[in-house]
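Student: Structure: target.cif, mmCIF, C-alpha atoms and all ligand atoms.
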```
data_entry
#
loop_
_atom_site.label_atom_id
_atom_site.label_comp_id
_atom_site.auth_asym_id
_atom_site.auth_seq_id
_atom_site.Cartn_x
_atom_site.Cartn_y
_atom_site.Cartn_z
CA ARG A 1 48.79 194.29 96.44
CA GLU A 2 46.62 191.96 94.38
CA ILE A 3 43.43 193.55 93.21
CA VAL A 4 39.91 192.42 92.28
CA VAL A 5 38.87 194.12 89.03
CA ALA A 6 35.39 194.25 87.49
CA VAL A 7 34.93 195.10 83.82
CA ALA A 8 31.41 196.44 83.19
CA GLY A 9 30.60 196.06 79.49
CA ALA A 10 33.12 193.23 79.05
CA THR A 11 31.45 191.93 75.88
CA GLY A 12 31.62 195.28 74.06
CA ALA A 13 34.27 196.68 71.71
CA VAL A 14 36.02 198.63 74.50
CA GLY A 15 35.42 195.98 77.19
CA ARG A 16 37.14 193.27 75.16
CA GLU A 17 40.06 195.62 74.54
CA MET A 18 40.23 196.24 78.31
CA LEU A 19 40.58 192.51 78.98
CA LYS A 20 43.32 192.28 76.34
CA ILE A 21 45.25 195.22 77.83
CA LEU A 22 44.91 193.99 81.44
CA GLU A 23 46.58 190.80 80.25
CA GLU A 24 49.24 192.51 78.09
CA ARG A 25 50.33 194.79 80.92
CA SER A 26 50.24 192.02 83.56
CA PHE A 27 47.87 194.10 85.64
CA PRO A 28 48.14 192.87 89.27
CA ALA A 29 44.63 191.37 89.38
CA LYS A 30 43.88 188.38 91.54
CA GLU A 31 40.42 188.18 90.01
CA ILE A 32 38.78 189.69 86.94
CA ARG A 33 34.99 189.83 86.95
CA PRO A 34 33.45 190.40 83.48
CA LEU A 35 30.01 192.03 83.67
CA ALA A 36 27.46 192.75 80.94
CA SER A 37 23.70 192.74 80.39
CA ALA A 38 21.44 189.78 81.15
CA ARG A 39 21.60 189.00 77.40
CA SER A 40 25.19 187.80 77.65
CA ALA A 41 25.26 186.44 81.20
CA GLY A 42 26.73 182.93 81.10
CA THR A 43 28.63 183.48 77.83
CA ALA A 44 32.44 183.45 77.75
CA VAL A 45 34.98 186.19 77.06
CA GLU A 46 38.64 185.50 76.31
CA TYR A 47 41.28 186.31 78.88
CA ALA A 48 44.93 185.24 79.05
CA GLY A 49 44.51 182.28 76.71
CA GLY A 50 41.48 181.03 78.64
CA GLU A 51 37.89 182.07 79.15
CA LEU A 52 35.98 183.96 81.83
CA THR A 53 32.23 183.59 82.34
CA VAL A 54 30.25 186.80 81.98
CA GLN A 55 27.98 187.73 84.88
CA GLU A 56 24.96 189.97 84.74
CA LEU A 57 25.68 193.49 86.01
CA THR A 58 23.50 194.03 89.10
CA GLU A 59 23.60 196.12 92.25
CA ASP A 60 25.44 193.28 93.99
CA SER A 61 28.20 192.97 91.38
CA PHE A 62 30.72 195.15 93.22
CA LYS A 63 30.94 193.42 96.59
CA GLY A 64 34.62 192.70 97.23
CA VAL A 65 35.71 194.54 94.07
CA ASP A 66 38.59 197.06 94.41
CA ILE A 67 38.45 198.70 90.97
CA ALA A 68 35.62 198.68 88.41
CA LEU A 69 36.32 199.69 84.83
CA PHE A 70 33.06 200.80 83.19
CA SER A 71 32.33 200.85 79.47
CA ALA A 72 28.70 199.86 79.10
CA GLY A 73 27.24 203.20 78.04
CA GLY A 74 26.21 206.39 79.84
CA SER A 75 22.97 205.23 81.42
CA VAL A 76 24.59 202.11 82.92
CA SER A 77 27.37 204.28 84.40
CA GLU A 78 24.93 206.83 85.69
CA LYS A 79 23.04 204.17 87.61
CA PHE A 80 25.76 201.73 88.66
CA ALA A 81 28.92 203.82 89.20
CA PRO A 82 27.49 205.44 92.37
CA ILE A 83 26.36 202.02 93.61
CA ALA A 84 29.89 200.68 93.11
CA ALA A 85 31.48 203.71 94.82
CA GLN A 86 29.11 203.35 97.77
CA SER A 87 30.29 199.80 98.25
CA GLY A 88 33.89 201.03 98.46
CA CYS A 89 34.90 200.15 94.90
CA VAL A 90 36.83 202.78 92.88
CA VAL A 91 35.21 203.33 89.48
CA VAL A 92 37.11 204.37 86.37
CA ASP A 93 34.33 205.27 83.97
CA ASN A 94 34.74 205.44 80.22
CA SER A 95 31.30 206.93 79.50
CA SER A 96 30.38 210.61 79.31
CA ALA A 97 28.14 210.34 82.41
CA TRP A 98 30.55 211.75 85.05
CA ARG A 99 33.10 213.74 83.05
CA MET A 100 31.85 217.20 83.85
CA ASP A 101 30.75 216.36 87.42
CA GLY A 102 32.75 218.48 89.88
CA ARG A 103 33.28 215.44 92.13
CA ALA A 104 34.92 213.33 89.43
CA PRO A 105 38.44 214.02 88.20
CA LEU A 106 38.82 213.73 84.40
CA VAL A 107 42.22 212.22 83.81
CA VAL A 108 44.80 211.53 81.12
CA PRO A 109 47.82 210.14 82.99
CA GLU A 110 50.37 211.93 80.78
CA VAL A 111 48.61 215.26 81.38
CA ASN A 112 47.01 215.56 84.84
CA PRO A 113 47.75 212.47 87.01
CA HIS A 114 47.79 214.68 90.15
CA ASP A 115 44.03 215.26 89.74
CA LEU A 116 43.61 211.66 90.95
CA ASP A 117 44.82 212.58 94.42
CA LYS A 118 41.45 214.04 95.39
CA HIS A 119 39.25 211.35 93.86
CA MET A 120 36.06 210.46 95.74
CA GLY A 121 35.29 207.08 94.18
CA ILE A 122 34.46 207.88 90.56
CA ILE A 123 37.14 208.90 88.05
CA ALA A 124 36.13 209.78 84.52
CA ASN A 125 37.99 208.73 81.40
CA PRO A 126 37.73 211.43 78.70
CA ASN A 127 36.26 211.05 75.24
CA CYS A 128 38.60 209.33 72.76
CA SER A 129 39.04 212.30 70.44
CA THR A 130 39.83 214.55 73.42
CA ILE A 131 42.43 212.20 74.89
CA GLN A 132 44.66 212.00 71.83
CA MET A 133 44.41 215.78 71.34
CA VAL A 134 45.41 216.74 74.91
CA VAL A 135 48.35 214.32 74.98
CA VAL A 136 49.79 216.47 72.17
CA LEU A 137 48.53 219.87 73.38
CA LYS A 138 49.86 219.62 76.95
CA PRO A 139 53.62 219.80 76.22
CA LEU A 140 53.01 222.58 73.67
CA HIS A 141 50.89 224.49 76.21
CA ASP A 142 53.63 224.16 78.84
CA ALA A 143 56.18 225.54 76.37
CA ALA A 144 54.24 228.30 74.63
CA THR A 145 50.72 228.72 76.16
CA ILE A 146 47.96 227.71 73.75
CA LYS A 147 45.36 230.39 73.06
CA ARG A 148 43.15 228.60 70.55
CA VAL A 149 42.79 225.27 68.76
CA VAL A 150 40.76 224.55 65.62
CA VAL A 151 40.28 220.78 65.32
CA SER A 152 38.66 218.64 62.65
CA THR A 153 38.36 214.92 63.29
CA TYR A 154 38.17 211.82 61.10
CA GLN A 155 36.76 209.21 63.47
CA ALA A 156 36.54 205.44 63.10
CA VAL A 157 33.26 203.54 63.42
CA SER A 158 34.58 201.47 66.34
CA GLY A 159 34.02 204.62 68.46
CA THR A 160 30.31 203.87 68.19
CA GLY A 161 30.72 200.25 69.28
CA GLN A 162 30.55 196.76 67.86
CA LYS A 163 27.26 197.32 66.03
CA ALA A 164 28.81 200.09 63.92
CA ILE A 165 31.82 197.93 63.04
CA ASP A 166 29.34 195.28 61.83
CA GLU A 167 27.33 197.89 59.92
CA LEU A 168 30.30 199.25 57.93
CA GLN A 169 31.39 195.69 57.11
CA GLY A 170 27.86 194.75 56.04
CA GLN A 171 27.40 197.87 53.90
CA VAL A 172 30.69 197.34 52.04
CA ARG A 173 29.77 193.71 51.39
CA ASP A 174 26.25 194.63 50.22
CA LEU A 175 27.48 197.38 47.89
CA PHE A 176 29.99 195.06 46.22
CA ASN A 177 27.20 192.52 45.78
CA MET A 178 24.90 195.10 44.12
CA GLN A 179 22.52 194.98 47.08
CA GLU A 180 20.87 197.79 48.96
CA PRO A 181 22.99 198.38 52.10
CA LYS A 182 21.23 198.36 55.46
CA VAL A 183 21.33 201.72 57.26
CA ASP A 184 20.67 201.26 60.93
CA VAL A 185 23.26 202.67 63.32
CA TYR A 186 23.91 206.05 61.66
CA PRO A 187 21.27 208.26 59.99
CA HIS A 188 23.02 207.78 56.61
CA ARG A 189 25.23 205.24 54.88
CA ILE A 190 28.79 205.29 56.29
CA ALA A 191 30.43 203.07 53.63
CA PHE A 192 32.34 205.27 51.12
CA ASN A 193 30.96 208.37 52.85
CA CYS A 194 31.79 210.95 55.55
CA LEU A 195 29.22 212.07 58.13
CA PRO A 196 29.81 215.47 59.80
CA HIS A 197 27.77 214.22 62.72
CA ILE A 198 28.99 212.39 65.85
CA ASP A 199 26.67 211.95 68.82
CA VAL A 200 23.56 214.15 69.02
CA PHE A 201 23.04 217.73 67.84
CA LEU A 202 22.73 220.36 70.58
CA ASP A 203 20.85 223.67 70.69
CA ASN A 204 23.91 225.55 69.43
CA ASP A 205 24.03 223.33 66.28
CA TYR A 206 27.31 221.76 67.38
CA THR A 207 27.28 218.04 68.11
CA LYS A 208 27.76 216.68 71.62
CA GLU A 209 31.07 215.15 70.46
CA GLU A 210 32.28 218.61 69.40
CA MET A 211 31.33 220.16 72.74
CA LYS A 212 33.02 217.28 74.60
CA MET A 213 36.27 218.30 72.90
CA VAL A 214 35.73 221.94 73.92
CA ASN A 215 34.75 221.37 77.57
CA GLU A 216 36.80 218.30 78.46
CA THR A 217 40.02 219.93 77.16
CA LYS A 218 39.63 222.85 79.58
CA LYS A 219 38.97 220.55 82.54
CA ILE A 220 41.87 218.18 81.81
CA MET A 221 44.36 220.97 81.10
CA GLY A 222 43.10 222.90 84.14
CA ASP A 223 42.83 226.06 82.03
CA ASP A 224 39.52 227.65 81.06
CA THR A 225 41.19 230.16 78.76
CA ILE A 226 42.07 227.68 76.02
CA GLY A 227 39.64 228.18 73.15
CA VAL A 228 38.72 225.03 71.24
CA THR A 229 36.43 224.87 68.22
CA ALA A 230 35.71 221.47 66.69
CA THR A 231 34.14 219.77 63.68
CA THR A 232 33.84 216.02 64.27
CA VAL A 233 33.38 213.68 61.32
CA ARG A 234 32.70 209.95 61.10
CA VAL A 235 34.69 208.29 58.30
CA PRO A 236 34.60 204.71 56.95
CA VAL A 237 37.62 203.54 58.96
CA PHE A 238 37.35 200.65 61.41
CA TYR A 239 40.01 201.51 64.00
CA GLY A 240 41.93 204.74 64.73
CA HIS A 241 40.80 208.36 64.98
CA SER A 242 42.70 211.03 63.01
CA GLU A 243 42.67 214.77 63.75
CA SER A 244 43.83 217.91 62.03
CA LEU A 245 44.89 220.52 64.61
CA ASN A 246 45.47 224.21 63.99
CA ILE A 247 47.04 225.70 67.12
CA GLU A 248 47.63 229.35 68.04
CA THR A 249 50.11 229.98 70.84
CA GLU A 250 51.09 233.06 72.83
CA LYS A 251 54.80 232.45 72.35
CA LYS A 252 56.26 231.64 68.93
CA LEU A 253 57.19 228.00 68.37
CA SER A 254 58.88 227.00 65.14
CA ALA A 255 57.89 223.69 63.57
CA LYS A 256 61.34 222.42 64.50
CA GLU A 257 60.90 223.42 68.15
CA ALA A 258 57.42 221.86 68.28
CA ARG A 259 58.80 218.64 66.78
CA ALA A 260 61.56 218.52 69.42
CA ILE A 261 59.07 219.13 72.27
CA LEU A 262 56.74 216.40 70.99
CA PHE A 263 59.68 214.04 70.45
CA ASN A 264 60.28 214.13 74.22
CA ALA A 265 56.61 214.12 75.27
CA PRO A 266 55.29 211.08 77.19
CA GLY A 267 52.94 208.85 75.19
CA VAL A 268 53.70 210.66 71.92
CA GLU A 269 55.53 209.33 68.87
CA VAL A 270 56.57 211.74 66.12
CA LEU A 271 56.22 210.35 62.58
CA ASP A 272 57.11 213.29 60.40
CA ASN A 273 59.19 212.87 57.27
CA PRO A 274 57.20 214.18 54.29
CA ARG A 275 60.02 213.47 51.84
CA GLU A 276 59.71 209.75 52.60
CA ASN A 277 55.87 209.89 52.76
CA ILE A 278 56.03 209.28 56.49
CA TYR A 279 53.12 210.58 58.57
CA PRO A 280 50.67 209.00 61.01
CA MET A 281 47.86 206.87 59.58
CA ALA A 282 44.96 205.04 61.20
CA ILE A 283 46.01 201.70 59.70
CA ASN A 284 49.35 201.92 61.53
CA ALA A 285 48.03 203.36 64.79
CA ALA A 286 45.49 200.53 65.19
CA GLY A 287 46.70 198.13 67.86
CA GLU A 288 49.33 200.59 69.15
CA ASP A 289 49.52 202.47 72.45
CA ALA A 290 51.15 205.74 71.36
CA THR A 291 49.53 208.90 70.08
CA PHE A 292 51.21 209.59 66.73
CA VAL A 293 51.86 213.10 65.43
CA GLY A 294 53.18 214.33 62.10
CA ARG A 295 52.72 216.94 59.31
CA ILE A 296 54.03 219.48 61.84
CA ARG A 297 54.32 222.83 60.08
CA GLU A 298 53.94 226.54 60.70
CA ASP A 299 50.71 228.38 59.86
CA ASP A 300 51.85 231.59 58.18
CA THR A 301 48.40 233.21 58.28
CA ILE A 302 48.78 234.06 62.00
CA ALA A 303 51.73 235.25 64.11
CA ASN A 304 52.19 232.09 66.19
CA GLY A 305 50.47 229.19 64.48
CA LEU A 306 51.10 225.49 63.97
CA ASN A 307 49.35 222.76 62.01
CA MET A 308 49.66 219.08 62.73
CA TRP A 309 48.01 215.67 62.23
CA VAL A 310 47.35 213.42 65.22
CA VAL A 311 46.32 209.74 65.12
CA ALA A 312 45.67 207.17 67.86
CA ASP A 313 43.83 203.89 68.37
CA ASN A 314 40.49 205.08 69.73
CA LEU A 315 39.76 201.80 71.52
CA ARG A 316 43.20 201.74 73.17
CA LYS A 317 44.60 205.21 74.07
CA GLY A 318 41.14 206.68 73.41
CA ALA A 319 39.41 204.30 75.81
CA ALA A 320 40.62 200.98 77.27
CA LEU A 321 44.33 201.81 77.60
CA ASN A 322 43.78 205.21 79.19
CA THR A 323 41.32 203.65 81.66
CA ILE A 324 43.85 201.01 82.66
CA GLN A 325 46.67 203.57 82.88
CA ILE A 326 44.44 205.47 85.34
CA ALA A 327 43.97 202.25 87.35
CA GLU A 328 47.76 201.71 87.37
CA GLU A 329 48.31 205.30 88.51
CA LEU A 330 45.80 204.73 91.34
CA ILE A 331 47.83 201.74 92.49
CA ASN A 332 51.14 203.66 92.24
CA ARG A 333 49.70 206.53 94.25
CA ASP A 334 48.11 204.23 96.83
CA LEU A 335 44.66 205.58 95.96
CA VAL A 336 42.69 202.34 95.57
CA ARG A 337 40.20 203.25 98.28
CA VAL A 338 37.03 205.27 98.77
CA THR A 339 37.44 207.40 101.90
CA ASP A 340 33.85 208.62 102.05
CA THR A 341 31.34 206.20 100.54
CA SER A 342 28.48 208.70 100.92
CA VAL A 343 29.72 211.25 98.32
CA PHE A 344 27.73 209.65 95.48
CA ALA A 345 24.90 208.38 97.69
CA ASN A 346 22.32 210.43 95.80
CA GLY A 347 23.76 209.74 92.35
P1 LIG B 1 25.81 193.04 76.13
O1 LIG B 1 26.81 192.45 75.18
O2 LIG B 1 25.30 192.04 77.11
O3 LIG B 1 24.74 193.84 75.45
P2 LIG B 1 29.50 198.27 72.65
O4 LIG B 1 30.06 199.59 73.13
O5 LIG B 1 30.46 197.51 71.79
O6 LIG B 1 28.15 198.45 72.03
O7 LIG B 1 29.27 197.40 73.98
C1 LIG B 1 28.42 197.78 75.02
C2 LIG B 1 28.69 196.95 76.27
O8 LIG B 1 27.82 197.39 77.31
C3 LIG B 1 28.41 195.48 76.09
O9 LIG B 1 29.29 194.72 76.89
C4 LIG B 1 26.99 195.36 76.62
O10 LIG B 1 26.63 194.08 77.07
C5 LIG B 1 27.06 196.30 77.80
N1 LIG B 1 25.71 196.73 78.19
C6 LIG B 1 24.80 197.38 77.44
N2 LIG B 1 23.67 197.62 78.16
C7 LIG B 1 23.89 197.09 79.39
C8 LIG B 1 23.12 196.99 80.59
N3 LIG B 1 21.89 197.50 80.67
N4 LIG B 1 23.67 196.38 81.66
C9 LIG B 1 24.92 195.89 81.59
N5 LIG B 1 25.70 195.94 80.50
C10 LIG B 1 25.20 196.54 79.41
C1 LIG B 2 32.98 208.17 68.99
N1 LIG B 2 34.05 209.58 70.64
O1 LIG B 2 34.03 207.99 68.35
C2 LIG B 2 32.98 208.66 70.39
C3 LIG B 2 32.97 207.47 71.27
O2 LIG B 2 31.78 210.06 74.99
O3 LIG B 2 32.81 208.20 75.38
C4 LIG B 2 33.05 207.73 72.74
C5 LIG B 2 31.84 208.46 73.26
C6 LIG B 2 32.15 208.93 74.64
O4 LIG B 2 31.87 207.90 68.55
#
```
Can you give me the file's structure in the form of structure tokens?
Ligand code: A2P
Ligand code: 11C

Tutor:
Amino acid sequence: REIVVAVAGATGAVGREMLKILEERSFPAKEIRPLASARSAGTAVEYAGGELTVQELTEDSFKGVDIALFSAGGSVSEKFAPIAAQSGCVVVDNSSAWRMDGRAPLVVPEVNPHDLDKHMGIIANPNCSTIQMVVVLKPLHDAATIKRVVVSTYQAVSGTGQKAIDELQGQVRDLFNMQEPKVDVYPHRIAFNCLPHIDVFLDNDYTKEEMKMVNETKKIMGDDTIGVTATTVRVPVFYGHSESLNIETEKKLSAKEARAILFNAPGVEVLDNPRENIYPMAINAAGEDATFVGRIREDDTIANGLNMWVVADNLRKGAALNTIQIAEELINRDLVRVTDTSVFANG
């Protein structure tokens, strides 16, 4: 079946990556409709060696569209995803708008593809730092039951979008030219700095990014008993999020056993040879599809503990690739349809 695909936010950092991945994977699209704000309507985006003309995203954009991939921010998804679903178009949404909504499955294809079976028109794509973590946690959970995870992240500026990529570039250039760097996107300078602050602060003094990792992990893994505590940090890296994981399991897993389990896990690549200085790094993960894991070692301070280092391209596995893998899974499972278009009628 040939499918009509809309990409909402096609001019953004994730949207452009979506177009690239649709082409790379020869997604069976008979038409691709790039949508963005009125500001970029009429401009061109690259696709398959040619160009597509961007259209303004409006309420009428989804007529005749089978699948819409959204990455234009939470408020755009909140407003337009229900409109798309009501017109019979299946939405795969990369924003945080629908992730914790009981009607929307939250899916990582390597972890919980079966959750797609009951979709009602909107499927949520998890947060980037959650996706790469659960791809690694799932096979360990199946083998030894995870009780608790302590995660610290080192996240690239591309997670914020194109304006943050430009800001880091501009600040580095300004500093080398002895000029005062412009601070606009983040509350403080990001060049040559680390900010323990991603997304907004909540009443409990955690950031929203940290609580996304806590809550989304439970929903994706289908297990409310897994304890997650997170510290999320923005670092001056352009592409690729890194994470330090400390994992406590019910059953003992040696580092060797964990390495063997992860070696066979879908979507995971083990890079773990300390003697040869081999471990995952953002500069190597950028542009790749896999979630890389290394520095796998036992934590001797608890009975059943493991430490590891996990890296993935936040725009690919963390966003665009996972979204498109969900779309592919929908096709494979014959789920490109909205059976009841009234489910999201009231938003
Ligand atoms: P535009 O380029 O026209 O502003 P990023 O995550 O890199 O910041 O990109 C955000 C994406 O979301 C861009 O494609 C942007 O389009 C799009 N976008 C932002 N606001 C809207 C809106 N109100 N309607 C449609 N698209 C929007
Ligand atoms: C970041 N994780 O790196 C964020 C980006 O909830 O989809 C994605 C925000 C989200 O800034």

Student: List all protein, DNA and RNA residues that have at least one atom no more than 8 Å from any atom of ligand LIG 2 (chain B), counting only C-alpha atoms and all ligand atoms, and write them as a PyMOL selection string.

Tutor: chain A and resi 73+94-96+125-129+155-161+198-199+209+212+234+241+314+319

Student: Counting all atoms listed in the file, select every polymer residue within 10 Å of (55.9, 225.4, 74.4) as defined in the file's coordinates, and provide the selection as a PDB file with C-alpha atoms, in the frame of the given file.

Tutor:
```
ATOM      1  CA  LEU A 137      48.530 219.870  73.380  1.00  0.00           C
ATOM      2  CA  LYS A 138      49.860 219.620  76.950  1.00  0.00           C
ATOM      3  CA  PRO A 139      53.620 219.800  76.220  1.00  0.00           C
ATOM      4  CA  LEU A 140      53.010 222.580  73.670  1.00  0.00           C
ATOM      5  CA  HIS A 141      50.890 224.490  76.210  1.00  0.00           C
ATOM      6  CA  ASP A 142      53.630 224.160  78.840  1.00  0.00           C
ATOM      7  CA  ALA A 143      56.180 225.540  76.370  1.00  0.00           C
ATOM      8  CA  ALA A 144      54.240 228.300  74.630  1.00  0.00           C
ATOM      9  CA  THR A 145      50.720 228.720  76.160  1.00  0.00           C
ATOM     10  CA  ILE A 146      47.960 227.710  73.750  1.00  0.00           C
ATOM     11  CA  THR A 249      50.110 229.980  70.840  1.00  0.00           C
ATOM     12  CA  GLU A 250      51.090 233.060  72.830  1.00  0.00           C
ATOM     13  CA  LYS A 251      54.800 232.450  72.350  1.00  0.00           C
ATOM     14  CA  LYS A 252      56.260 231.640  68.930  1.00  0.00           C
ATOM     15  CA  LEU A 253      57.190 228.000  68.370  1.00  0.00           C
ATOM     16  CA  SER A 254      58.880 227.000  65.140  1.00  0.00           C
ATOM     17  CA  GLU A 257      60.900 223.420  68.150  1.00  0.00           C
ATOM     18  CA  ALA A 258      57.420 221.860  68.280  1.00  0.00           C
ATOM     19  CA  ILE A 261      59.070 219.130  72.270  1.00  0.00           C
ATOM     20  CA  LEU A 262      56.740 216.400  70.990  1.00  0.00           C
TER      21      LEU A 262
END
```

Student: Return as JSON, numbers by chain the residues of protein, DNA or RNA that approach ligand LIG 1 (chain B) to within 9 Å, with only C-alpha atoms and all ligand atoms taken into account.

Tutor: {"A": [7, 8, 9, 10, 11, 12, 13, 14, 15, 16, 34, 35, 36, 37, 38, 39, 40, 41, 54, 56, 57, 58, 70, 71, 72, 73, 75, 76, 158, 159, 160, 161, 162, 163, 164, 165]}

Student: Generate a file of the selected residues that holds C-alpha atoms, formatted as a PDB file, keeping the file's coordinate frame.

Tutor:
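Saved file selection37.pdb follows:
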```
ATOM      1  CA  VAL A   7      34.930 195.100  83.820  1.00  0.00           C
ATOM      2  CA  ALA A   8      31.410 196.440  83.190  1.00  0.00           C
ATOM      3  CA  GLY A   9      30.600 196.060  79.490  1.00  0.00           C
ATOM      4  CA  ALA A  10      33.120 193.230  79.050  1.00  0.00           C
ATOM      5  CA  THR A  11      31.450 191.930  75.880  1.00  0.00           C
ATOM      6  CA  GLY A  12      31.620 195.280  74.060  1.00  0.00           C
ATOM      7  CA  ALA A  13      34.270 196.680  71.710  1.00  0.00           C
ATOM      8  CA  VAL A  14      36.020 198.630  74.500  1.00  0.00           C
ATOM      9  CA  GLY A  15      35.420 195.980  77.190  1.00  0.00           C
ATOM     10  CA  ARG A  16      37.140 193.270  75.160  1.00  0.00           C
ATOM     11  CA  PRO A  34      33.450 190.400  83.480  1.00  0.00           C
ATOM     12  CA  LEU A  35      30.010 192.030  83.670  1.00  0.00           C
ATOM     13  CA  ALA A  36      27.460 192.750  80.940  1.00  0.00           C
ATOM     14  CA  SER A  37      23.700 192.740  80.390  1.00  0.00           C
ATOM     15  CA  ALA A  38      21.440 189.780  81.150  1.00  0.00           C
ATOM     16  CA  ARG A  39      21.600 189.000  77.400  1.00  0.00           C
ATOM     17  CA  SER A  40      25.190 187.800  77.650  1.00  0.00           C
ATOM     18  CA  ALA A  41      25.260 186.440  81.200  1.00  0.00           C
ATOM     19  CA  VAL A  54      30.250 186.800  81.980  1.00  0.00           C
ATOM     20  CA  GLU A  56      24.960 189.970  84.740  1.00  0.00           C
ATOM     21  CA  LEU A  57      25.680 193.490  86.010  1.00  0.00           C
ATOM     22  CA  THR A  58      23.500 194.030  89.100  1.00  0.00           C
ATOM     23  CA  PHE A  70      33.060 200.800  83.190  1.00  0.00           C
ATOM     24  CA  SER A  71      32.330 200.850  79.470  1.00  0.00           C
ATOM     25  CA  ALA A  72      28.700 199.860  79.100  1.00  0.00           C
ATOM     26  CA  GLY A  73      27.240 203.200  78.040  1.00  0.00           C
ATOM     27  CA  SER A  75      22.970 205.230  81.420  1.00  0.00           C
ATOM     28  CA  VAL A  76      24.590 202.110  82.920  1.00  0.00           C
ATOM     29  CA  SER A 158      34.580 201.470  66.340  1.00  0.00           C
ATOM     30  CA  GLY A 159      34.020 204.620  68.460  1.00  0.00           C
ATOM     31  CA  THR A 160      30.310 203.870  68.190  1.00  0.00           C
ATOM     32  CA  GLY A 161      30.720 200.250  69.280  1.00  0.00           C
ATOM     33  CA  GLN A 162      30.550 196.760  67.860  1.00  0.00           C
ATOM     34  CA  LYS A 163      27.260 197.320  66.030  1.00  0.00           C
ATOM     35  CA  ALA A 164      28.810 200.090  63.920  1.00  0.00           C
ATOM     36  CA  ILE A 165      31.820 197.930  63.040  1.00  0.00           C
TER      37      ILE A 165
END
```

Student: Contacts of A:Pro105 at 8 Å or less, counting all atoms listed in the file, minus same-chain residues fewer than 6 places along, as number ranges by chain?

Tutor: A: 99, 115-116, 118-119, 122-124

Student: Enter the distance from atom CA of A:Leu19 to atom CA of A:Val310, in Å, rounded to one decimal.

Tutor: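 Interatomic distance here is 25.9 Å.
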
Student: Using all atoms listed in the file, can you tell me which of A:Ile326, A:Val108, A:Val200, A:Ile247 comes closest to A:Asn307?

Tutor: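 Looking at the shortest contact to A:Asn307, the residue is A:Ile247.
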
Student: What separation in Å, quoted to one decimal, exists between atom CA of A:Tyr154 and atom CA of A:Glu243?

Tutor: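 Atom CA of A:Tyr154 sits 6.0 Å away from atom CA of A:Glu243.
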
Student: Would you pick out the contacts of A:Val228 at 7 Å or less, using only C-alpha atoms, so that residues sharing its chain but fewer than 5 positions from it are not included, and give the list as a VMD selection string?

Tutor: chain A and resid 148 to 150 214

Student: Residues near A:Pro113, anyone? I mean within 10 Å using all atoms listed in the file, not counting same-chain ones fewer than 6 positions away, as an mmCIF file with C-alpha atoms, in the coordinates of the input.

Tutor:
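In the end it all went to part07.cif:
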```cif
data_model
loop_
_atom_site.group_PDB
_atom_site.id
_atom_site.type_symbol
_atom_site.label_atom_id
_atom_site.label_comp_id
_atom_site.auth_asym_id
_atom_site.auth_seq_id
_atom_site.Cartn_x
_atom_site.Cartn_y
_atom_site.Cartn_z
ATOM 1 C CA PRO A 105 38.440 214.020 88.200
ATOM 2 C CA LEU A 106 38.820 213.730 84.400
ATOM 3 C CA VAL A 107 42.220 212.220 83.810
ATOM 4 C CA ILE A 220 41.870 218.180 81.810
ATOM 5 C CA GLN A 325 46.670 203.570 82.880
ATOM 6 C CA ILE A 326 44.440 205.470 85.340
ATOM 7 C CA GLU A 329 48.310 205.300 88.510
ATOM 8 C CA LEU A 330 45.800 204.730 91.340
ATOM 9 C CA ARG A 333 49.700 206.530 94.250
#
```

Student: Restricting the calculation to all atoms listed in the file, which member of A:Ala345, A:Ile296, A:Met133, A:Glu269 is positioned closest to A:Phe80?

Tutor: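 Between A:Ala345, A:Ile296, A:Met133, A:Glu269, the residue approaching A:Phe80 most closely is A:Ala345.
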
Student: Which residues, written as a tab-separated table (two decimals) with C-alpha atoms, in the coordinates of the input, have at least one atom at most 8 Å from A:Met120, with all atoms listed in the file counted and residues fewer than 4 positions away on the same chain left out?

Tutor:
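Okay, selection35.tsv is ready:
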```tsv
chain	number	residue	atom	x	y	z
A	103	ARG	CA	33.28	215.44	92.13
A	104	ALA	CA	34.92	213.33	89.43
A	338	VAL	CA	37.03	205.27	98.77
A	339	THR	CA	37.44	207.40	101.90
A	340	ASP	CA	33.85	208.62	102.05
A	341	THR	CA	31.34	206.20	100.54
A	343	VAL	CA	29.72	211.25	98.32
```

Student: Using all atoms listed in the file, which protein or nucleic acid residues come within 6 Å of A:Leu306? Drop anything in the same chain fewer than 4 positions from it, and give the result as a list in words.

Tutor: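 Those residues are Asn246, Ile247, Arg297, Glu298 and Asp299 of chain A.
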
Student: So, with all atoms listed in the file as the atoms that count, which of A:Thr229, A:Ser61, A:Asn346, A:Ser77 lies closest to A:Ile32?

Tutor: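 Of all the options, A:Ser61 lies closest to A:Ile32.
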
Student: Around stretch 62-74 of chain A, fit a box with edges along x, y and z, padding it by 6 Å on each side, then list its centre and edge lengths in Å to one decimal as AutoDock Vina command-line options.

Tutor:
```
--center_x 32.4 --center_y 199.5 --center_z 87.6 --size_x 24.4 --size_y 25.7 --size_z 31.2
```

Student: May I ask for the distance between atom CA of A:Met100 and atom CA of A:Cys194, given in Å to one decimal place?

Tutor: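 Computing the Euclidean distance for atom CA of A:Met100 and atom CA of A:Cys194 yields 29.0 Å.
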
Student: Identify which of the residues A:Glu17, A:Thr225, A:Leu168, A:Thr231 lies closest to A:Asp313, counting all atoms listed in the file when measuring atom-to-atom distances.

Tutor: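 Distance minimum relative to A:Asp313 lands on A:Glu17.
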
Student: I need every residue sitting at most 7 Å from the point (20.1, 206.8, 89.0) (coordinates as in the file, all atoms listed in the file considered), written as a list of chain:residue names.

Tutor: A:Glu78, A:Lys79, A:Gly347

Student: Looking at all atoms listed in the file, which of A:His188, A:Gly102, A:Arg259, A:Gly121 is the one that sits closest to A:Ile83?

Tutor: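 Nearest candidate to A:Ile83 out of A:His188, A:Gly102, A:Arg259, A:Gly121: A:Gly121.
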